[in-house]
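What follows is a single structure, written as structure tokens, with notes after it.
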Amino acid sequence: PSMVSLIRKQRVMARLLRRSFSSSAAPVVNINPTRLLEDLHHLRSIGAAEPYIPEARGGDGVKKGVIRPALTPSDVEARKWLMQRCEESGMRTYIDRLGNTVCVGSGDETNPSRPRLLAGSHSDTQPTGGWLDGALGVVFAIEAARALKEHGLPQVLDVVNFNDEEGRFGSLVGSTSICGGKVEMDSVSSSPEGVAPKLTLGEEIRNRDLQDLPLFRLGDGPLQGPYFGYFEAHIEQGRRLERGNVDVAAVTGIVGLRQCRVVFSGESNHAGSTQMMDRRDAFQGAIEFAYSLNKSMKHKYGAVGGRVLRCHNNMLLNLYRWVPSTIEAYIAY
């Protein structure tokens with residue numbers, strides 16, 4: 001996204017800050033866009049992808065994205081730096097066993113029980129993930145808290161930075177735990193080994209010396225609130241706003257995935273001597289299916305994806321001489 005587009009989004013955030021106060025006394029709250037962009041770029045530098053990493057998306061040797069899977073050294077470094085930025089604004093900072101961090105605003109001294117806004121996102125990433133995915137929401141929330149402080153207004157805003165929202169050890173591990181869900185400590189890392197070791201969640205927690213810390217829960221400890229709402233700014237991961245020339249929009253729905261496994265069965269044979277008319281090529285069937293599915297569904301839903309994950313014969317060294325017998329395709333829609 002262009003810097004102009006980001007600055008426009010920051011102005012929207014300033015308007016949201018004003019809505020945290022009653023309409024009769026809504027103050028003007030100006031954020032510092034230069035500082036915000038500097039923070040985003042510094043965060044981007046922690047775990048920045050390098051061309052020599054084999055798992056770099058695209059495989060073309062070009063730097064892409066950021067590598068900060070949950071509980072890796074780069075993830076921990078980023079979280080500590082973000083906590084430091086909050087502490088510089090007078091916020092109290094906490095970290096739990098999973099690496100979730102909470103930065104608590106100073107609140108309203110005249111009304112300690114005044115409801116707060118909880119805001120944030122996550123700073124962990126996919127291997128070579130987007131530099132604004134998650135990071136935007138965390139840094140926006142920190143800047144909002146700083147703006148309240150600098151304008152002499154009650155800092156009735158707490159910043160949460162969930163950990164492992166990108167699925168190294170499972171689905172939405174950090175936020176699930178904070179909301180009271182169960183976390184499997186024996187879940188094994190799903191990140192490529194060149195990016196993060198194949199350790200369990202429990203092992204990585206011990207490696208980061210977090211094992212003796214509590215698990216944060218919403219409504220208790222540093223997240224006791226009370227909260228009147230939760231706000232998360234997020235970079236658009238499609239092109240709807242771009243196509244509509246719209247800078248900022250509110251989310252009205254969320255993607256819900258359904259997945260299915262489709263097996264294409266043919267007949268394994270030697271490609272050099274089996275004539276085309278005699279072949280029962282499972283791979284060709286999978287290709288035709290994927291093409292037809294995409295063509296029929298794209299104009300209706302626009303969100304169908306498929307990946308061929310497994311050839312059962314597994315004869316990669318002789319692939320060009322072999323007619324595959326079985327292909328498994330996994331379709332998400």
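To be explicit about the labels: the chains of the structure tokens are called A, B, and onward in the order shown, and within each one the residues are counted from 1, while ligands get numbers from 1 in the order they are shown.
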Can you list every residue of range 121-178 of chain A that has an atom at most 9 Å from range 25-37 of chain A, with its nearest atom pair and the distance in Å to one decimal, using only C-alpha atoms, ordered by chain then number, as JSON lines?
```
{"residue": "A:Val139", "atom": "CA", "partner": "A:Leu36", "partner_atom": "CA", "distance": 7.0}
{"residue": "A:Phe140", "atom": "CA", "partner": "A:Leu36", "partner_atom": "CA", "distance": 7.3}
{"residue": "A:Ile142", "atom": "CA", "partner": "A:Leu36", "partner_atom": "CA", "distance": 8.8}
{"residue": "A:Glu143", "atom": "CA", "partner": "A:Leu36", "partner_atom": "CA", "distance": 6.5}
{"residue": "A:Ala144", "atom": "CA", "partner": "A:Ile31", "partner_atom": "CA", "distance": 6.9}
{"residue": "A:Arg146", "atom": "CA", "partner": "A:Ile31", "partner_atom": "CA", "distance": 8.0}
{"residue": "A:Ala147", "atom": "CA", "partner": "A:Ile31", "partner_atom": "CA", "distance": 5.4}
{"residue": "A:Leu148", "atom": "CA", "partner": "A:Val29", "partner_atom": "CA", "distance": 7.1}
{"residue": "A:His151", "atom": "CA", "partner": "A:Val29", "partner_atom": "CA", "distance": 7.0}
{"residue": "A:Leu153", "atom": "CA", "partner": "A:Pro27", "partner_atom": "CA", "distance": 8.7}
```
* To do: Would you kindly return, as a PyMOL selection string, each protein, DNA or RNA residue with an atom no farther than 10 Å from any atom of Gly180 in chain A, considering only C-alpha atoms and excluding same-chain residues fewer than 6 positions away?
  => chain A and resi 215-218
* To do: Find, counting only C-alpha atoms, the residue in A:Leu98, A:Val251, A:Arg114, A:Gly256 that gets nearest to Thr176 in chain A.
  =>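 Result for the nearest residue to Thr176 in chain A: A:Leu98.
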* Distance CA of Glu288 in chain A-CA of Arg239 in chain A, one decimal place? ->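 Going from CA of Glu288 in chain A over to CA of Arg239 in chain A, I get 27.6 Å.
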* Given the choices A:Ser89, A:Ser171, A:Ser190, A:Gln126, which gets closest to Gly152 in chain A if the distance is worked out from only C-alpha atoms? -> A:Ser89
* Those in range 40-196 of chain A with strand (DSSP E) from DSSP, as a list in words -> Arg92, Thr93, Tyr94, Ile95, Thr101, Val102, Cys103, Val104, Arg116, Leu117, Leu118, Ala119, Gly120, Ser121, His122, Leu157, Asp158, Val159, Val160, Asn161 and Phe162 of chain A
Selection file, N, CA, C and O atoms, as a JSON list (two decimals), in the first residue's frame:
```
[["chain", "number", "residue", "atom", "x", "y", "z"],
["A", 92, "ARG", "N", 1.57, -0.12, 31.43],
["A", 92, "ARG", "CA", 2.08, -1.28, 32.15],
["A", 92, "ARG", "C", 2.02, -2.48, 31.20],
["A", 92, "ARG", "O", 1.00, -2.71, 30.56],
["A", 93, "THR", "N", 3.10, -3.25, 31.14],
["A", 93, "THR", "CA", 3.18, -4.33, 30.15],
["A", 93, "THR", "C", 3.26, -5.68, 30.83],
["A", 93, "THR", "O", 3.88, -5.83, 31.90],
["A", 94, "TYR", "N", 2.63, -6.67, 30.19],
["A", 94, "TYR", "CA", 2.57, -8.02, 30.73],
["A", 94, "TYR", "C", 2.71, -9.02, 29.58],
["A", 94, "TYR", "O", 2.31, -8.76, 28.45],
["A", 95, "ILE", "N", 3.28, -10.19, 29.90],
["A", 95, "ILE", "CA", 3.38, -11.27, 28.93],
["A", 95, "ILE", "C", 2.97, -12.57, 29.62],
["A", 95, "ILE", "O", 3.26, -12.78, 30.80],
["A", 101, "THR", "N", 0.94, -10.67, 24.76],
["A", 101, "THR", "CA", 1.32, -9.49, 25.54],
["A", 101, "THR", "C", 0.14, -8.54, 25.65],
["A", 101, "THR", "O", -0.66, -8.41, 24.73],
["A", 102, "VAL", "N", 0.06, -7.89, 26.81],
["A", 102, "VAL", "CA", -0.98, -6.92, 27.09],
["A", 102, "VAL", "C", -0.32, -5.67, 27.65],
["A", 102, "VAL", "O", 0.51, -5.76, 28.56],
["A", 103, "CYS", "N", -0.65, -4.52, 27.10],
["A", 103, "CYS", "CA", -0.14, -3.24, 27.56],
["A", 103, "CYS", "C", -1.34, -2.43, 28.06],
["A", 103, "CYS", "O", -2.25, -2.13, 27.28],
["A", 104, "VAL", "N", -1.35, -2.13, 29.34],
["A", 104, "VAL", "CA", -2.52, -1.53, 30.00],
["A", 104, "VAL", "C", -2.32, -0.03, 30.13],
["A", 104, "VAL", "O", -1.31, 0.44, 30.67],
["A", 116, "ARG", "N", -13.05, 0.55, 29.10],
["A", 116, "ARG", "CA", -11.93, 0.79, 28.20],
["A", 116, "ARG", "C", -12.19, 0.17, 26.83],
["A", 116, "ARG", "O", -13.10, -0.66, 26.67],
["A", 117, "LEU", "N", -11.34, 0.56, 25.90],
["A", 117, "LEU", "CA", -11.33, -0.08, 24.58],
["A", 117, "LEU", "C", -10.13, -1.00, 24.51],
["A", 117, "LEU", "O", -9.01, -0.61, 24.85],
["A", 118, "LEU", "N", -10.34, -2.24, 24.10],
["A", 118, "LEU", "CA", -9.25, -3.18, 23.86],
["A", 118, "LEU", "C", -8.96, -3.17, 22.36],
["A", 118, "LEU", "O", -9.88, -3.31, 21.55],
["A", 119, "ALA", "N", -7.71, -2.96, 22.01],
["A", 119, "ALA", "CA", -7.34, -2.88, 20.59],
["A", 119, "ALA", "C", -6.03, -3.60, 20.36],
["A", 119, "ALA", "O", -5.21, -3.74, 21.27],
["A", 120, "GLY", "N", -5.82, -4.05, 19.14],
["A", 120, "GLY", "CA", -4.56, -4.71, 18.81],
["A", 120, "GLY", "C", -4.73, -5.71, 17.70],
["A", 120, "GLY", "O", -5.66, -5.65, 16.90],
["A", 121, "SER", "N", -3.82, -6.69, 17.67],
["A", 121, "SER", "CA", -3.84, -7.74, 16.66],
["A", 121, "SER", "C", -2.73, -8.73, 17.02],
["A", 121, "SER", "O", -2.65, -9.15, 18.17],
["A", 122, "HIS", "N", -1.86, -9.05, 16.07],
["A", 122, "HIS", "CA", -0.76, -9.99, 16.34],
["A", 122, "HIS", "C", 0.47, -9.55, 15.57],
["A", 122, "HIS", "O", 0.37, -8.95, 14.49],
["A", 157, "LEU", "N", -7.42, 2.83, 27.03],
["A", 157, "LEU", "CA", -7.18, 1.93, 25.92],
["A", 157, "LEU", "C", -6.08, 0.96, 26.30],
["A", 157, "LEU", "O", -5.02, 1.37, 26.78],
["A", 158, "ASP", "N", -6.33, -0.32, 26.14],
["A", 158, "ASP", "CA", -5.35, -1.37, 26.38],
["A", 158, "ASP", "C", -4.99, -2.02, 25.05],
["A", 158, "ASP", "O", -5.85, -2.18, 24.16],
["A", 159, "VAL", "N", -3.73, -2.39, 24.90],
["A", 159, "VAL", "CA", -3.23, -2.97, 23.66],
["A", 159, "VAL", "C", -2.94, -4.45, 23.88],
["A", 159, "VAL", "O", -2.20, -4.81, 24.80],
["A", 160, "VAL", "N", -3.51, -5.30, 23.04],
["A", 160, "VAL", "CA", -3.25, -6.74, 23.11],
["A", 160, "VAL", "C", -2.52, -7.17, 21.85],
["A", 160, "VAL", "O", -2.83, -6.72, 20.74],
["A", 161, "ASN", "N", -1.52, -8.02, 22.03],
["A", 161, "ASN", "CA", -0.77, -8.60, 20.92],
["A", 161, "ASN", "C", -0.84, -10.11, 21.07],
["A", 161, "ASN", "O", -0.09, -10.72, 21.83],
["A", 162, "PHE", "N", -1.79, -10.72, 20.36],
["A", 162, "PHE", "CA", -1.97, -12.16, 20.45],
["A", 162, "PHE", "C", -0.77, -12.87, 19.85],
["A", 162, "PHE", "O", -0.12, -12.37, 18.93]]
```
* To do: Identify, on the basis of only C-alpha atoms, every residue whose closest approach to Gln211 in chain A does not exceed 8 Å; exclude the query and any residue fewer than 4 positions from it along the same chain; express the result as a PyMOL selection string.
  => chain A and resi 97+202+205-206
Would you put the residues from that selection into a file with N, CA and C atoms, as a tab-separated table (two decimals), in the first residue's frame?
```tsv
chain	number	residue	atom	x	y	z
A	97	ARG	N	2.19	-17.07	29.36
A	97	ARG	CA	2.93	-18.29	29.05
A	97	ARG	C	3.05	-18.55	27.54
A	202	GLY	N	4.93	-26.71	23.96
A	202	GLY	CA	5.48	-26.75	25.31
A	202	GLY	C	6.99	-26.60	25.32
A	205	ILE	N	7.89	-22.98	24.62
A	205	ILE	CA	7.60	-22.17	25.80
A	205	ILE	C	8.74	-22.27	26.81
A	206	ARG	N	9.26	-23.47	27.00
A	206	ARG	CA	10.39	-23.64	27.91
A	206	ARG	C	11.66	-23.00	27.34
```
* Structure fact -> Between A:Ala282, A:Val138, A:Ala196, A:Ala70, smallest distance to Glu165 in chain A by only C-alpha atoms belongs to A:Ala70
* Structure fact -> Across A:Gly238, A:Gly137, A:Pro154, A:Gly90, the smallest distance to Glu109 in chain A, with only C-alpha atoms counted, is shown by A:Pro154
* Between CA of Glu50 in chain A and CA of Thr128 in chain A, distance in Å (one decimal) ->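 Between CA of Glu50 in chain A and CA of Thr128 in chain A the gap works out to 9.2 Å.
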Give me the residues within 12 Å of Glu184 in chain A as a JSON list (two decimals) with all heavy atoms, in the first residue's frame, counting only C-alpha atoms and dropping any in the same chain fewer than 4 places off.
```json
[["chain", "number", "residue", "atom", "x", "y", "z"],
["A", 98, "LEU", "N", 2.05, -18.12, 26.78],
["A", 98, "LEU", "CA", 2.05, -18.35, 25.34],
["A", 98, "LEU", "C", 2.76, -17.26, 24.56],
["A", 98, "LEU", "O", 2.92, -17.37, 23.34],
["A", 98, "LEU", "CB", 0.61, -18.48, 24.83],
["A", 98, "LEU", "CG", -0.20, -19.65, 25.36],
["A", 98, "LEU", "CD1", -1.63, -19.57, 24.87],
["A", 98, "LEU", "CD2", 0.43, -20.97, 24.96],
["A", 169, "PHE", "N", 1.41, -23.50, 15.73],
["A", 169, "PHE", "CA", 1.07, -24.62, 16.62],
["A", 169, "PHE", "C", -0.43, -24.93, 16.62],
["A", 169, "PHE", "O", -0.87, -25.74, 17.42],
["A", 169, "PHE", "CB", 1.53, -24.31, 18.04],
["A", 169, "PHE", "CG", 3.02, -24.19, 18.19],
["A", 169, "PHE", "CD1", 3.61, -22.96, 18.33],
["A", 169, "PHE", "CD2", 3.82, -25.32, 18.17],
["A", 169, "PHE", "CE1", 4.98, -22.82, 18.46],
["A", 169, "PHE", "CE2", 5.21, -25.20, 18.30],
["A", 169, "PHE", "CZ", 5.78, -23.96, 18.44],
["A", 170, "GLY", "N", -1.18, -24.31, 15.76],
["A", 170, "GLY", "CA", -2.61, -24.55, 15.73],
["A", 170, "GLY", "C", -3.33, -23.34, 15.21],
["A", 170, "GLY", "O", -2.73, -22.38, 14.72],
["A", 171, "SER", "N", -4.63, -23.34, 15.33],
["A", 171, "SER", "CA", -5.45, -22.26, 14.79],
["A", 171, "SER", "C", -5.74, -21.22, 15.86],
["A", 171, "SER", "O", -6.37, -21.51, 16.88],
["A", 171, "SER", "CB", -6.77, -22.85, 14.26],
["A", 171, "SER", "OG", -7.61, -21.82, 13.78],
["A", 172, "LEU", "N", -5.25, -19.99, 15.64],
["A", 172, "LEU", "CA", -5.55, -18.86, 16.52],
["A", 172, "LEU", "C", -5.28, -19.19, 17.99],
["A", 172, "LEU", "O", -6.12, -18.98, 18.86],
["A", 172, "LEU", "CB", -7.01, -18.42, 16.34],
["A", 172, "LEU", "CG", -7.44, -18.15, 14.89],
["A", 172, "LEU", "CD1", -8.93, -17.85, 14.84],
["A", 172, "LEU", "CD2", -6.66, -17.01, 14.28],
["A", 173, "VAL", "N", -4.08, -19.67, 18.26],
["A", 173, "VAL", "CA", -3.75, -20.18, 19.59],
["A", 173, "VAL", "C", -3.87, -19.11, 20.65],
["A", 173, "VAL", "O", -4.50, -19.30, 21.70],
["A", 173, "VAL", "CB", -2.32, -20.78, 19.59],
["A", 173, "VAL", "CG1", -1.89, -21.12, 21.01],
["A", 173, "VAL", "CG2", -2.28, -22.02, 18.71],
["A", 174, "GLY", "N", -3.27, -17.93, 20.42],
["A", 174, "GLY", "CA", -3.25, -16.90, 21.45],
["A", 174, "GLY", "C", -4.61, -16.36, 21.81],
["A", 174, "GLY", "O", -4.98, -16.29, 22.99],
["A", 176, "THR", "N", -7.52, -17.69, 21.17],
["A", 176, "THR", "CA", -8.36, -18.77, 21.70],
["A", 176, "THR", "C", -8.12, -18.95, 23.19],
["A", 176, "THR", "O", -9.07, -19.09, 23.98],
["A", 176, "THR", "CB", -8.04, -20.09, 20.97],
["A", 176, "THR", "OG1", -8.41, -19.96, 19.59],
["A", 176, "THR", "CG2", -8.80, -21.25, 21.58],
["A", 177, "SER", "N", -6.86, -18.92, 23.60],
["A", 177, "SER", "CA", -6.54, -19.06, 25.03],
["A", 177, "SER", "C", -7.08, -17.91, 25.84],
["A", 177, "SER", "O", -7.67, -18.11, 26.91],
["A", 177, "SER", "CB", -5.01, -19.17, 25.19],
["A", 177, "SER", "OG", -4.66, -19.20, 26.56],
["A", 188, "VAL", "N", 2.78, -29.82, 17.51],
["A", 188, "VAL", "CA", 4.10, -29.71, 16.89],
["A", 188, "VAL", "C", 4.09, -28.58, 15.85],
["A", 188, "VAL", "O", 3.11, -28.38, 15.13],
["A", 188, "VAL", "CB", 4.51, -31.04, 16.22],
["A", 188, "VAL", "CG1", 5.88, -30.91, 15.54],
["A", 188, "VAL", "CG2", 4.52, -32.16, 17.25],
["A", 189, "SER", "N", 5.19, -27.86, 15.79],
["A", 189, "SER", "CA", 5.33, -26.76, 14.84],
["A", 189, "SER", "C", 5.05, -27.23, 13.42],
["A", 189, "SER", "O", 5.57, -28.26, 12.98],
["A", 189, "SER", "CB", 6.73, -26.16, 14.93],
["A", 189, "SER", "OG", 6.95, -25.24, 13.88],
["A", 200, "THR", "N", 7.53, -28.94, 19.92],
["A", 200, "THR", "CA", 6.16, -28.78, 20.40],
["A", 200, "THR", "C", 6.01, -27.38, 21.00],
["A", 200, "THR", "O", 6.99, -26.69, 21.31],
["A", 200, "THR", "CB", 5.81, -29.82, 21.47],
["A", 200, "THR", "OG1", 6.61, -29.57, 22.64],
["A", 200, "THR", "CG2", 6.04, -31.23, 20.96],
["A", 201, "LEU", "N", 4.75, -26.98, 21.18],
["A", 201, "LEU", "CA", 4.48, -25.69, 21.81],
["A", 201, "LEU", "C", 5.08, -25.64, 23.20],
["A", 201, "LEU", "O", 5.69, -24.64, 23.59],
["A", 201, "LEU", "CB", 2.96, -25.48, 21.86],
["A", 201, "LEU", "CG", 2.46, -24.23, 22.60],
["A", 201, "LEU", "CD1", 3.07, -22.96, 22.03],
["A", 201, "LEU", "CD2", 0.93, -24.17, 22.56],
["A", 202, "GLY", "N", 4.93, -26.71, 23.96],
["A", 202, "GLY", "CA", 5.48, -26.75, 25.31],
["A", 202, "GLY", "C", 6.99, -26.60, 25.32],
["A", 202, "GLY", "O", 7.56, -25.92, 26.19],
["A", 203, "GLU", "N", 7.66, -27.22, 24.35],
["A", 203, "GLU", "CA", 9.12, -27.12, 24.27],
["A", 203, "GLU", "C", 9.56, -25.70, 23.96],
["A", 203, "GLU", "O", 10.53, -25.18, 24.56],
["A", 203, "GLU", "CB", 9.65, -28.09, 23.21],
["A", 203, "GLU", "CG", 9.57, -29.55, 23.63],
["A", 203, "GLU", "CD", 9.89, -30.50, 22.49],
["A", 203, "GLU", "OE1", 9.67, -30.12, 21.31],
["A", 203, "GLU", "OE2", 10.35, -31.62, 22.77]]
```
* Which of range 188-289 of chain A fall in helix (DSSP H, G or I), as JSON, numbers by chain -> {"A": [201, 202, 203, 204, 205, 206, 207, 221, 222, 223, 240, 241, 242, 243, 276, 277, 278, 282, 283, 284, 285, 286, 287, 288, 289]}
Selection file, N, CA and C atoms, as a compact mmCIF listing (two decimals), in the first residue's frame:
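Result written to part-v6.txt:
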```txt
# COMPACT_ATOMS: atom_id res chain seq x y z
N LEU A 201 4.75 -26.98 21.18
CA LEU A 201 4.48 -25.69 21.81
C LEU A 201 5.08 -25.64 23.20
N GLY A 202 4.93 -26.71 23.96
CA GLY A 202 5.48 -26.75 25.31
C GLY A 202 6.99 -26.60 25.32
N GLU A 203 7.66 -27.22 24.35
CA GLU A 203 9.12 -27.12 24.27
C GLU A 203 9.56 -25.70 23.96
N GLU A 204 8.87 -25.04 23.04
CA GLU A 204 9.24 -23.66 22.71
C GLU A 204 8.95 -22.71 23.87
N ILE A 205 7.89 -22.98 24.62
CA ILE A 205 7.60 -22.17 25.80
C ILE A 205 8.74 -22.27 26.81
N ARG A 206 9.26 -23.47 27.00
CA ARG A 206 10.39 -23.64 27.91
C ARG A 206 11.66 -23.00 27.34
N ASN A 207 11.84 -23.07 26.04
CA ASN A 207 13.00 -22.43 25.42
C ASN A 207 13.00 -20.92 25.65
N GLY A 221 -6.95 -10.54 35.53
CA GLY A 221 -5.56 -10.09 35.43
C GLY A 221 -5.44 -8.79 34.66
N PRO A 222 -4.43 -8.67 33.79
CA PRO A 222 -4.27 -7.43 33.04
C PRO A 222 -5.38 -7.17 32.03
N LEU A 223 -6.23 -8.17 31.78
CA LEU A 223 -7.35 -8.00 30.85
C LEU A 223 -8.68 -7.91 31.58
N ARG A 240 -10.60 -5.52 -3.13
CA ARG A 240 -11.92 -4.90 -3.26
C ARG A 240 -11.85 -3.40 -3.06
N LEU A 241 -11.17 -2.96 -1.99
CA LEU A 241 -11.07 -1.53 -1.74
C LEU A 241 -10.26 -0.85 -2.83
N GLU A 242 -9.19 -1.51 -3.26
CA GLU A 242 -8.35 -0.94 -4.31
C GLU A 242 -9.14 -0.74 -5.59
N ARG A 243 -9.92 -1.75 -5.96
CA ARG A 243 -10.71 -1.63 -7.19
C ARG A 243 -11.78 -0.55 -7.06
N MET A 276 -1.77 -42.38 -25.93
CA MET A 276 -2.67 -41.43 -25.29
C MET A 276 -4.09 -41.98 -25.17
N MET A 277 -4.53 -42.69 -26.19
CA MET A 277 -5.91 -43.22 -26.18
C MET A 277 -6.10 -44.28 -25.10
N ASP A 278 -4.99 -44.89 -24.65
CA ASP A 278 -5.08 -45.97 -23.67
C ASP A 278 -4.80 -45.51 -22.24
N ALA A 282 -4.60 -40.01 -13.88
CA ALA A 282 -5.30 -39.35 -12.77
C ALA A 282 -4.99 -37.87 -12.71
N PHE A 283 -3.78 -37.49 -13.09
CA PHE A 283 -3.38 -36.09 -13.04
C PHE A 283 -4.19 -35.25 -14.02
N GLN A 284 -4.43 -35.78 -15.21
CA GLN A 284 -5.23 -35.05 -16.20
C GLN A 284 -6.66 -34.86 -15.69
N GLY A 285 -7.17 -35.87 -15.02
CA GLY A 285 -8.52 -35.73 -14.44
C GLY A 285 -8.56 -34.64 -13.39
N ALA A 286 -7.53 -34.57 -12.55
CA ALA A 286 -7.48 -33.54 -11.52
C ALA A 286 -7.39 -32.16 -12.13
N ILE A 287 -6.60 -32.02 -13.21
CA ILE A 287 -6.47 -30.72 -13.88
C ILE A 287 -7.81 -30.28 -14.45
N GLU A 288 -8.50 -31.18 -15.13
CA GLU A 288 -9.80 -30.83 -15.72
C GLU A 288 -10.80 -30.44 -14.64
N PHE A 289 -10.77 -31.16 -13.53
CA PHE A 289 -11.68 -30.86 -12.42
C PHE A 289 -11.38 -29.47 -11.85
```
* Between CA of Pro115 in chain A and CA of Pro226 in chain A, what is the spacing in Å? ->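 Straight-line distance from CA of Pro226 in chain A to CA of Pro115 in chain A works out to 5.0 Å.
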* To do: Identify, on the basis of only C-alpha atoms, every residue whose closest approach to Met91 in chain A does not exceed 8 Å; exclude the query and any residue fewer than 3 positions from it along the same chain; express the result as a list in words.
  =>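 Once the nearby chain positions are removed, what remains is Cys86, Glu87, Glu88, Cys103, Val104, Gly105 and Ser106 of chain A.
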Since we have the selection now, will you write its residues out, keeping N, CA, C and O atoms, as a tab-separated table (two decimals), in the first residue's frame?
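Below is the file that was written, selection.tsv:
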```tsv
chain	number	residue	atom	x	y	z
A	86	CYS	N	5.34	0.69	24.33
A	86	CYS	CA	4.20	0.98	25.20
A	86	CYS	C	4.67	1.54	26.54
A	86	CYS	O	4.06	2.48	27.08
A	87	GLU	N	5.72	0.96	27.08
A	87	GLU	CA	6.25	1.44	28.37
A	87	GLU	C	6.69	2.89	28.28
A	87	GLU	O	6.56	3.66	29.24
A	88	GLU	N	7.20	3.30	27.12
A	88	GLU	CA	7.63	4.68	26.92
A	88	GLU	C	6.45	5.64	27.00
A	88	GLU	O	6.63	6.85	27.24
A	103	CYS	N	-0.65	-4.52	27.10
A	103	CYS	CA	-0.14	-3.24	27.56
A	103	CYS	C	-1.34	-2.43	28.06
A	103	CYS	O	-2.25	-2.13	27.28
A	104	VAL	N	-1.35	-2.13	29.34
A	104	VAL	CA	-2.52	-1.53	30.00
A	104	VAL	C	-2.32	-0.03	30.13
A	104	VAL	O	-1.31	0.44	30.67
A	105	GLY	N	-3.30	0.72	29.62
A	105	GLY	CA	-3.25	2.17	29.71
A	105	GLY	C	-3.45	2.65	31.13
A	105	GLY	O	-3.95	1.93	32.00
A	106	SER	N	-3.06	3.89	31.37
A	106	SER	CA	-3.15	4.46	32.72
A	106	SER	C	-4.57	4.68	33.18
A	106	SER	O	-4.83	4.86	34.38
```
